[in-house]
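Data from model.txt: compact mmCIF, C-alpha atoms and all ligand atoms
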# COMPACT_ATOMS: atom_id res chain seq x y z
CA MET A 1 4.09 95.08 344.37
CA LYS A 2 5.21 97.35 341.54
CA HIS A 3 8.75 98.74 341.88
CA PHE A 4 9.57 96.07 344.50
CA ASP A 5 8.80 92.71 342.91
CA GLU A 6 11.25 93.25 340.08
CA TYR A 7 14.05 93.67 342.64
CA ARG A 8 12.97 90.55 344.58
CA ASP A 9 12.41 88.26 341.61
CA PRO A 10 13.54 84.74 342.71
CA GLN A 11 14.57 83.71 339.17
CA LEU A 12 16.72 86.78 338.77
CA VAL A 13 18.21 86.22 342.21
CA ARG A 14 19.14 82.63 341.29
CA ARG A 15 20.67 83.77 338.00
CA LEU A 16 22.78 86.44 339.72
CA VAL A 17 23.97 83.95 342.37
CA GLU A 18 25.05 81.57 339.59
CA GLU A 19 26.83 84.40 337.76
CA VAL A 20 28.79 85.37 340.87
CA GLY A 21 29.77 81.68 341.33
CA LYS A 22 30.95 81.45 337.71
CA LYS A 23 32.96 84.67 337.80
CA ALA A 24 34.76 84.09 341.11
CA THR A 25 37.98 82.13 340.75
CA ARG A 26 38.66 82.56 344.46
CA ARG A 27 36.76 83.71 347.55
CA TRP A 28 36.68 87.52 347.76
CA THR A 29 36.03 89.64 350.86
CA ILE A 30 33.51 92.41 350.25
CA MET A 31 32.15 94.88 352.81
CA GLU A 32 28.64 96.29 352.62
CA ILE A 33 28.80 99.69 354.28
CA CYS A 34 25.26 100.20 355.48
CA GLY A 35 23.41 98.47 358.30
CA GLY A 36 20.26 98.42 356.16
CA GLN A 37 22.18 96.42 353.55
CA THR A 38 23.45 94.05 356.27
CA HIS A 39 19.89 93.34 357.39
CA SER A 40 18.72 92.72 353.83
CA ILE A 41 21.66 90.35 353.24
CA MET A 42 20.84 88.40 356.40
CA ARG A 43 17.08 88.45 355.85
CA ASN A 44 17.44 87.07 352.34
CA GLY A 45 20.27 84.66 353.16
CA ILE A 46 22.48 86.23 350.48
CA ASP A 47 25.67 85.57 352.46
CA GLN A 48 24.74 81.87 352.62
CA LEU A 49 23.87 81.69 348.91
CA LEU A 50 27.30 83.10 348.05
CA GLU A 51 29.28 81.38 350.76
CA GLU A 52 31.83 79.76 348.45
CA ALA A 53 32.46 82.78 346.24
CA VAL A 54 32.27 85.76 348.57
CA GLU A 55 32.72 86.53 352.24
CA LEU A 56 30.50 89.46 353.15
CA VAL A 57 31.72 91.52 356.09
CA HIS A 58 29.64 94.22 357.67
CA GLY A 59 30.59 97.87 357.77
CA PRO A 60 30.13 100.75 360.18
CA GLY A 61 27.12 102.35 358.44
CA CYS A 62 24.70 102.16 361.33
CA PRO A 63 24.18 105.60 362.90
CA VAL A 64 22.90 104.33 366.22
CA CYS A 65 25.84 101.90 366.52
CA VAL A 66 28.55 104.52 366.04
CA THR A 67 27.06 107.27 368.24
CA PRO A 68 29.33 107.45 371.30
CA LEU A 69 27.94 106.49 374.67
CA GLU A 70 29.00 109.96 375.92
CA THR A 71 26.73 111.58 373.33
CA ILE A 72 23.78 109.49 374.51
CA ASP A 73 24.57 110.54 378.07
CA HIS A 74 24.69 114.18 376.89
CA ALA A 75 21.27 113.68 375.31
CA LEU A 76 19.91 112.28 378.57
CA ALA A 77 21.38 115.20 380.56
CA ILE A 78 19.78 117.74 378.20
CA ALA A 79 16.46 115.90 378.13
CA MET A 80 16.32 116.01 381.94
CA ALA A 81 17.04 119.77 382.06
CA GLU A 82 14.24 122.07 383.23
CA GLY A 83 11.90 123.29 380.47
CA VAL A 84 13.40 121.21 377.66
CA ILE A 85 11.45 119.38 374.98
CA PHE A 86 13.88 116.78 373.62
CA THR A 87 13.01 115.43 370.15
CA THR A 88 14.52 112.46 368.38
CA PHE A 89 13.97 109.81 365.73
CA GLY A 90 12.47 106.66 367.22
CA ASP A 91 15.62 104.56 366.80
CA MET A 92 17.49 106.57 369.47
CA LEU A 93 14.79 106.23 372.13
CA ARG A 94 15.83 102.77 373.33
CA VAL A 95 19.61 103.14 373.07
CA PRO A 96 20.95 102.77 376.60
CA GLY A 97 23.30 105.38 378.00
CA SER A 98 25.07 104.99 381.34
CA GLY A 99 21.93 106.03 383.20
CA GLY A 100 19.07 104.49 381.21
CA ASP A 101 17.65 105.48 377.83
CA LEU A 102 15.61 108.40 376.52
CA PHE A 103 12.43 106.36 376.75
CA SER A 104 12.94 105.72 380.44
CA ALA A 105 13.87 109.40 380.93
CA ARG A 106 10.21 110.11 380.18
CA SER A 107 9.17 108.16 383.25
CA ARG A 108 11.55 110.35 385.25
CA GLY A 109 9.72 113.46 384.06
CA ALA A 110 11.60 114.40 380.87
CA ASP A 111 9.55 115.67 377.92
CA VAL A 112 10.96 113.42 375.19
CA ARG A 113 9.08 113.31 371.90
CA MET A 114 9.56 111.15 368.82
CA VAL A 115 9.57 113.07 365.54
CA TYR A 116 9.91 112.03 361.91
CA SER A 117 11.90 115.06 360.79
CA PRO A 118 13.94 117.90 362.32
CA LEU A 119 11.46 120.27 360.68
CA GLU A 120 8.81 118.75 362.94
CA ALA A 121 11.05 119.60 365.89
CA LEU A 122 11.31 123.15 364.57
CA ARG A 123 7.51 123.34 364.41
CA ILE A 124 7.36 122.26 368.07
CA ALA A 125 9.81 125.08 368.88
CA ARG A 126 7.61 127.57 367.03
CA GLU A 127 4.56 126.39 368.99
CA ASN A 128 6.36 126.45 372.37
CA PRO A 129 8.30 129.72 372.45
CA LEU A 130 8.86 129.51 376.22
CA ARG A 131 10.44 126.05 376.06
CA GLU A 132 13.87 125.01 374.73
CA VAL A 133 13.43 122.45 371.93
CA VAL A 134 16.39 120.22 371.08
CA PHE A 135 16.68 117.81 368.16
CA PHE A 136 19.07 114.84 368.39
CA ALA A 137 20.87 115.12 365.04
CA VAL A 138 22.40 111.68 364.65
CA GLY A 139 23.22 109.98 361.40
CA PHE A 140 25.13 109.75 358.15
CA GLU A 141 25.05 111.98 355.07
CA THR A 142 21.47 110.90 354.33
CA THR A 143 19.95 112.77 357.25
CA VAL A 144 22.22 115.81 357.24
CA PRO A 145 20.39 117.92 354.61
CA ALA A 146 17.15 117.99 356.63
CA ASN A 147 19.14 118.93 359.75
CA ALA A 148 20.82 121.72 357.79
CA MET A 149 17.45 122.96 356.54
CA SER A 150 15.98 123.05 360.05
CA VAL A 151 18.86 125.17 361.37
CA TRP A 152 18.85 127.43 358.34
CA GLN A 153 15.07 127.90 358.67
CA ALA A 154 15.37 128.62 362.42
CA ALA A 155 17.98 131.30 361.67
CA ARG A 156 15.80 132.77 358.91
CA GLU A 157 12.73 132.99 361.18
CA GLY A 158 14.73 134.19 364.18
CA ILE A 159 13.66 131.19 366.27
CA ARG A 160 15.87 131.19 369.34
CA ASN A 161 14.53 128.29 371.36
CA PHE A 162 15.64 125.60 368.87
CA SER A 163 18.97 123.75 368.83
CA ILE A 164 20.47 120.46 367.68
CA LEU A 165 22.67 117.98 369.52
CA CYS A 166 24.93 117.08 366.66
CA SER A 167 26.60 113.69 366.13
CA GLN A 168 26.74 113.42 362.37
CA VAL A 169 29.27 111.28 360.59
CA MET A 170 30.43 110.64 357.03
CA VAL A 171 31.22 107.40 355.24
CA PRO A 172 34.37 108.03 353.12
CA PRO A 173 36.72 108.84 356.08
CA ALA A 174 35.60 105.59 357.77
CA MET A 175 36.36 103.64 354.58
CA ARG A 176 39.79 105.28 354.47
CA MET A 177 40.42 104.26 358.08
CA ILE A 178 39.42 100.64 357.31
CA LEU A 179 41.59 100.49 354.18
CA SER A 180 44.58 102.07 355.95
CA SER A 181 44.65 99.47 358.70
CA PRO A 182 47.45 96.88 358.45
CA ASP A 183 44.81 94.30 359.45
CA ASN A 184 42.40 95.24 356.68
CA ARG A 185 40.73 92.28 354.92
CA VAL A 186 38.29 94.21 352.73
CA GLN A 187 38.95 93.94 348.98
CA GLY A 188 35.90 95.73 347.63
CA PHE A 189 32.95 97.77 348.91
CA LEU A 190 29.23 98.02 348.35
CA ALA A 191 28.59 101.71 348.98
CA ALA A 192 25.29 102.73 350.57
CA GLY A 193 22.87 103.83 347.86
CA HIS A 194 20.90 106.29 349.99
CA VAL A 195 24.10 108.04 351.12
CA CYS A 196 25.30 108.30 347.51
CA ALA A 197 21.89 109.67 346.51
CA ILE A 198 22.84 112.78 348.52
CA THR A 199 26.60 112.98 348.08
CA GLY A 200 27.07 111.30 344.70
CA TYR A 201 30.18 109.19 344.39
CA GLU A 202 32.94 111.52 343.19
CA GLU A 203 34.44 111.68 346.67
CA TYR A 204 35.01 107.90 346.61
CA GLU A 205 37.31 108.20 343.59
CA PRO A 206 40.47 109.13 345.58
CA LEU A 207 39.94 105.98 347.71
CA CYS A 208 39.76 103.81 344.58
CA ARG A 209 42.98 105.33 343.25
CA GLU A 210 44.91 105.27 346.51
CA PHE A 211 43.94 101.78 347.69
CA HIS A 212 43.16 100.20 344.31
CA VAL A 213 39.70 98.97 345.34
CA PRO A 214 36.40 98.65 343.50
CA ILE A 215 33.50 100.56 345.06
CA VAL A 216 29.97 99.86 343.86
CA PRO A 217 27.03 101.98 345.06
CA THR A 218 23.97 99.78 345.32
CA GLY A 219 20.58 99.49 346.96
CA PHE A 220 18.87 97.29 349.50
CA GLU A 221 16.74 94.77 347.64
CA PRO A 222 18.17 91.30 346.87
CA VAL A 223 18.59 92.01 343.15
CA ASP A 224 20.29 95.35 343.88
CA LEU A 225 22.69 93.76 346.33
CA LEU A 226 23.49 90.78 344.11
CA SER A 227 24.06 92.89 341.02
CA GLY A 228 26.38 95.10 343.14
CA ILE A 229 28.24 92.03 344.39
CA LEU A 230 28.48 90.61 340.86
CA LYS A 231 29.98 93.86 339.56
CA THR A 232 32.44 94.01 342.47
CA VAL A 233 33.55 90.41 341.84
CA GLU A 234 33.97 91.13 338.11
CA MET A 235 36.17 94.13 338.89
CA LEU A 236 38.20 92.18 341.43
CA GLU A 237 38.73 89.35 338.95
CA GLU A 238 39.87 91.88 336.34
CA GLY A 239 42.17 93.59 338.88
CA ARG A 240 40.26 96.80 338.23
CA ALA A 241 39.73 99.62 340.74
CA GLY A 242 37.13 102.37 340.32
CA ILE A 243 33.43 103.04 340.80
CA GLU A 244 30.56 101.34 339.00
CA ASN A 245 27.11 102.59 339.94
CA ARG A 246 24.57 99.76 340.34
CA TYR A 247 21.83 101.99 341.78
CA GLY A 248 21.25 104.21 338.78
CA ARG A 249 17.54 104.62 339.48
CA VAL A 250 18.42 106.61 342.63
CA VAL A 251 22.09 107.67 342.50
CA ALA A 252 23.67 110.24 340.17
CA LYS A 253 27.40 110.90 340.05
CA GLY A 254 27.06 114.40 341.50
CA GLY A 255 24.39 113.42 344.06
CA ASN A 256 21.71 115.93 344.93
CA PRO A 257 23.21 119.42 344.40
CA HIS A 258 20.49 121.21 346.41
CA ALA A 259 20.99 118.94 349.40
CA ARG A 260 24.79 119.28 349.16
CA GLU A 261 24.50 123.05 349.01
CA ALA A 262 22.26 123.14 352.11
CA VAL A 263 24.77 121.02 354.04
CA GLU A 264 27.75 123.10 352.86
CA ARG A 265 26.03 126.32 353.93
CA VAL A 266 25.33 125.21 357.50
CA PHE A 267 27.99 122.61 358.43
CA GLU A 268 31.74 122.20 358.25
CA VAL A 269 33.97 119.17 358.63
CA THR A 270 35.41 118.18 361.99
CA ASP A 271 37.06 115.15 363.60
CA ARG A 272 34.55 112.80 365.21
CA GLU A 273 34.64 109.97 367.72
CA TRP A 274 32.91 106.75 366.57
CA ARG A 275 31.61 104.35 369.19
CA GLY A 276 33.75 101.21 369.40
CA ILE A 277 36.20 102.55 366.82
CA GLY A 278 37.59 105.81 368.22
CA MET A 279 38.48 109.11 366.60
CA ILE A 280 38.32 109.30 362.80
CA LEU A 281 39.86 112.45 361.37
CA GLY A 282 37.58 114.61 359.25
CA SER A 283 34.65 112.20 359.64
CA GLY A 284 32.11 114.46 361.34
CA LEU A 285 30.16 117.64 360.78
CA VAL A 286 29.76 120.58 363.11
CA LEU A 287 27.74 123.79 362.75
CA ARG A 288 29.60 126.65 361.09
CA GLN A 289 30.38 129.68 363.21
CA ASP A 290 27.39 131.61 361.80
CA PHE A 291 25.05 128.87 363.08
CA ARG A 292 26.95 127.80 366.21
CA ARG A 293 24.26 129.41 368.42
CA PHE A 294 22.02 126.47 367.45
CA ASP A 295 24.45 123.95 368.92
CA ALA A 296 22.79 122.32 371.95
CA SER A 297 26.06 121.20 373.55
CA GLY A 298 27.24 124.83 373.71
CA ARG A 299 23.84 126.14 374.78
CA PHE A 300 23.46 123.67 377.65
CA GLY A 301 27.11 123.82 378.73
CA ILE A 302 27.54 120.05 378.84
CA ASN A 303 30.48 118.92 380.93
CA LEU A 304 32.71 116.00 380.11
CA ILE A 305 30.91 112.76 380.92
CA HIS A 306 33.04 109.69 381.54
CA THR A 307 31.48 106.44 380.31
CA VAL A 308 32.56 102.83 380.46
CA GLU A 309 31.77 100.25 377.77
CA SER A 310 31.32 96.56 378.58
CA PRO A 311 34.72 94.85 378.49
CA LEU A 312 33.04 91.88 376.77
CA CYS A 313 31.84 93.90 373.79
CA ARG A 314 33.82 93.71 370.53
CA SER A 315 31.51 95.84 368.41
CA GLY A 316 34.43 98.01 367.23
CA GLN A 317 35.90 94.95 365.54
CA VAL A 318 32.51 93.99 364.12
CA LEU A 319 32.07 97.49 362.66
CA GLN A 320 35.44 97.33 360.89
CA GLY A 321 34.93 93.87 359.40
CA TYR A 322 37.50 92.07 361.57
CA LEU A 323 34.96 89.94 363.42
CA LYS A 324 31.60 88.37 362.61
CA PRO A 325 29.00 88.98 365.35
CA ASP A 326 28.55 85.29 366.13
CA ALA A 327 32.30 84.99 366.75
CA CYS A 328 31.93 87.31 369.76
CA GLN A 329 32.01 85.23 372.95
CA ALA A 330 29.09 87.20 374.42
CA PHE A 331 26.80 86.78 371.37
CA GLY A 332 23.52 85.13 372.38
CA ARG A 333 24.79 84.55 375.93
CA GLU A 334 25.45 87.72 377.94
CA CYS A 335 24.44 89.87 374.91
CA THR A 336 20.98 89.65 373.33
CA PRO A 337 18.58 92.30 371.96
CA GLN A 338 16.78 92.14 375.33
CA HIS A 339 20.07 92.70 377.21
CA PRO A 340 22.46 94.32 374.72
CA LEU A 341 26.05 94.92 375.77
CA GLY A 342 26.89 97.03 372.72
CA ALA A 343 25.23 99.30 370.21
CA THR A 344 25.50 96.79 367.34
CA MET A 345 23.04 94.61 369.28
CA VAL A 346 20.71 97.38 370.45
CA SER A 347 20.27 99.11 367.11
CA SER A 348 17.72 97.75 364.67
CA GLU A 349 20.38 98.31 361.97
CA GLY A 350 23.25 96.75 363.92
CA ALA A 351 25.07 93.70 362.56
CA CYS A 352 24.83 91.78 365.87
CA ALA A 353 21.07 92.36 365.98
CA ALA A 354 20.79 91.16 362.36
CA TYR A 355 22.65 87.93 363.13
CA TYR A 356 20.46 87.35 366.17
CA ARG A 357 17.20 88.17 364.45
CA TYR A 358 17.84 86.06 361.38
CA HIS A 359 18.85 83.03 363.40
CA ARG A 360 22.59 83.18 363.01
CA ASN A 361 22.62 82.45 366.70
CA PRO A 362 24.24 79.03 367.24
CA PHE A 363 22.13 78.63 370.38
CA LEU A 364 18.88 79.02 368.43
CA GLN A 365 19.69 76.51 365.69
S1 LIG A 401 27.42 90.39 370.32
FE1 LIG A 401 27.06 92.02 371.84
S2 LIG A 401 28.92 92.05 373.07
FE2 LIG A 401 29.41 90.99 371.14
S3 LIG A 401 30.14 92.59 369.75
FE3 LIG A 401 27.95 92.38 369.39
S4 LIG A 401 27.06 93.97 370.71
FE4 LIG A 401 29.14 93.64 371.47

Since I need it in another form, could you write the structure as structure tokens?
Ligand code: SF4
Amino acid sequence: MKHFDEYRDPQLVRRLVEEVGKKATRRWTIMEICGGQTHSIMRNGIDQLLEEAVELVHGPGCPVCVTPLETIDHALAIAMAEGVIFTTFGDMLRVPGSGGDLFSARSRGADVRMVYSPLEALRIARENPLREVVFFAVGFETTVPANAMSVWQAAREGIRNFSILCSQVMVPPAMRMILSSPDNRVQGFLAAGHVCAITGYEEYEPLCREFHVPIVPTGFEPVDLLSGILKTVEMLEEGRAGIENRYGRVVAKGGNPHAREAVERVFEVTDREWRGIGMILGSGLVLRQDFRRFDASGRFGINLIHTVESPLCRSGQVLQGYLKPDACQAFGRECTPQHPLGATMVSSEGACAAYYRYHRNPFLQ
């Protein structure tokens, strides 16, 4: 398949694996940020191919995984409210809150609809002026521009029955938190190519300077990932910090200026709670005062909901690279995709789900 085969070429993959082996004089610890990258690494066995040269640890870049349980409970409470049409991307439908998931809320009478874009949710609001339409705005920098556009468009058209439940997070503050920890093991990063396509990579430069780490934006195909890993290993061997873009066909240094402008116009930075990790300063986005009327949590007057996570779940440690999923005592026993104890098992992008799916389960081997 054109535009894919060249990034899955087995000969090129073998050559890159050999190159990494030749360059590495010791075993380096590299974190891939994005859950999509984690799944590609597992699916293609890249971690096993590089076992002697590189330890790959898995980062927090899975939006479903880091959305707090309280936020999912808020979503359920809003979805159950009289007259509401609650819209969401499909990946949030099955994420369990304290009282079931959004999918099961349907069977209790909630009008929950899957959409492919917040602009689709806005269309539903336009078509249903007597109903309140809420979009569950979860995700990283990649999804924020479309959320910003939907709110901006609603304001422009004077649509009053549309709002978003906002739980948007940003990558660089999470990387700073990981690097600042006294227990940090990460020596270099593969940055998420689709995030950098929006933001560019200038904002990673202070991290490189302050923590003396290499950061390499890369993609999701085996050749992308391996060429990113090779570049990171080369920089580590040279003792060099900085950014080297290995996803040039998608990522430009300044990102997408139109998307950045849309985000800047509608959102401002705030502190945000990450599931399993806790509060990360300056890691979230909230609607600016001019657009605050589109904030669903204000509109529906959500009260504080107290939630309790499973005491067995160690997903916070998984998300920060301290623990591999199969080192969790509950992995494959009490916790499976059918009965997940934590979001890293329930999400299709979660590291625990990736280990389970690609047979890293010691009980399946
Ligand atoms: S295997 Fe399950 S219980 Fe263990 S960290 Fe992952 S999600 Fe949590």

Do you know which residues are within 8 Å of ligand LIG 401 (chain A) using all atoms listed in the file? Can you write them as a VMD selection string?
chain A and resid 310 312 to 318 325 to 332 334 to 336 340 to 346 351 to 353

Closest contacts (segment 21-107 of chain A/segment 182-194 of chain A, max 7 Å, all atoms listed in the file) as CSV:
residue,atom,partner,partner_atom,distance
A:Trp28,CA,A:Gln187,CA,6.9
A:Thr29,CA,A:Val186,CA,5.4
A:Ile30,CA,A:Gly188,CA,4.9
A:Met31,CA,A:Phe189,CA,4.9
A:Glu32,CA,A:Leu190,CA,4.6
A:Ile33,CA,A:Ala191,CA,5.7
A:Cys34,CA,A:Ala192,CA,5.5

May I ask which of the residues A:Leu69, A:Ala77, A:Ile164, A:Ala241 is the closest one to Leu122 of chain A, counting only C-alpha atoms?
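Looking at the shortest contact to Leu122 of chain A, the residue is A:Ile164.
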
Could you build a table of the residues in segment 233-271 of chain A lying no more than 12 Å from segment 52-56 of chain A, giving for each the nearest pair of atoms and their separation in Å rounded to one decimal place, using only C-alpha atoms, ordered by chain and ascending residue number, as a tab-separated table?
residue	atom	partner	partner_atom	distance
A:Val233	CA	A:Val54	CA	8.3
A:Glu234	CA	A:Ala53	CA	11.8
A:Leu236	CA	A:Val54	CA	11.3
A:Glu237	CA	A:Ala53	CA	11.6

From the list A:Val223, A:Pro118, A:Arg27, A:Ile124, the nearest residue to Gln11 of chain A using all atoms listed in the file is A:Val223

Using atom CA of Val112 of chain A and atom CA of Thr88 of chain A as the two end points, give the distance in Å to one decimal.
7.7 Å
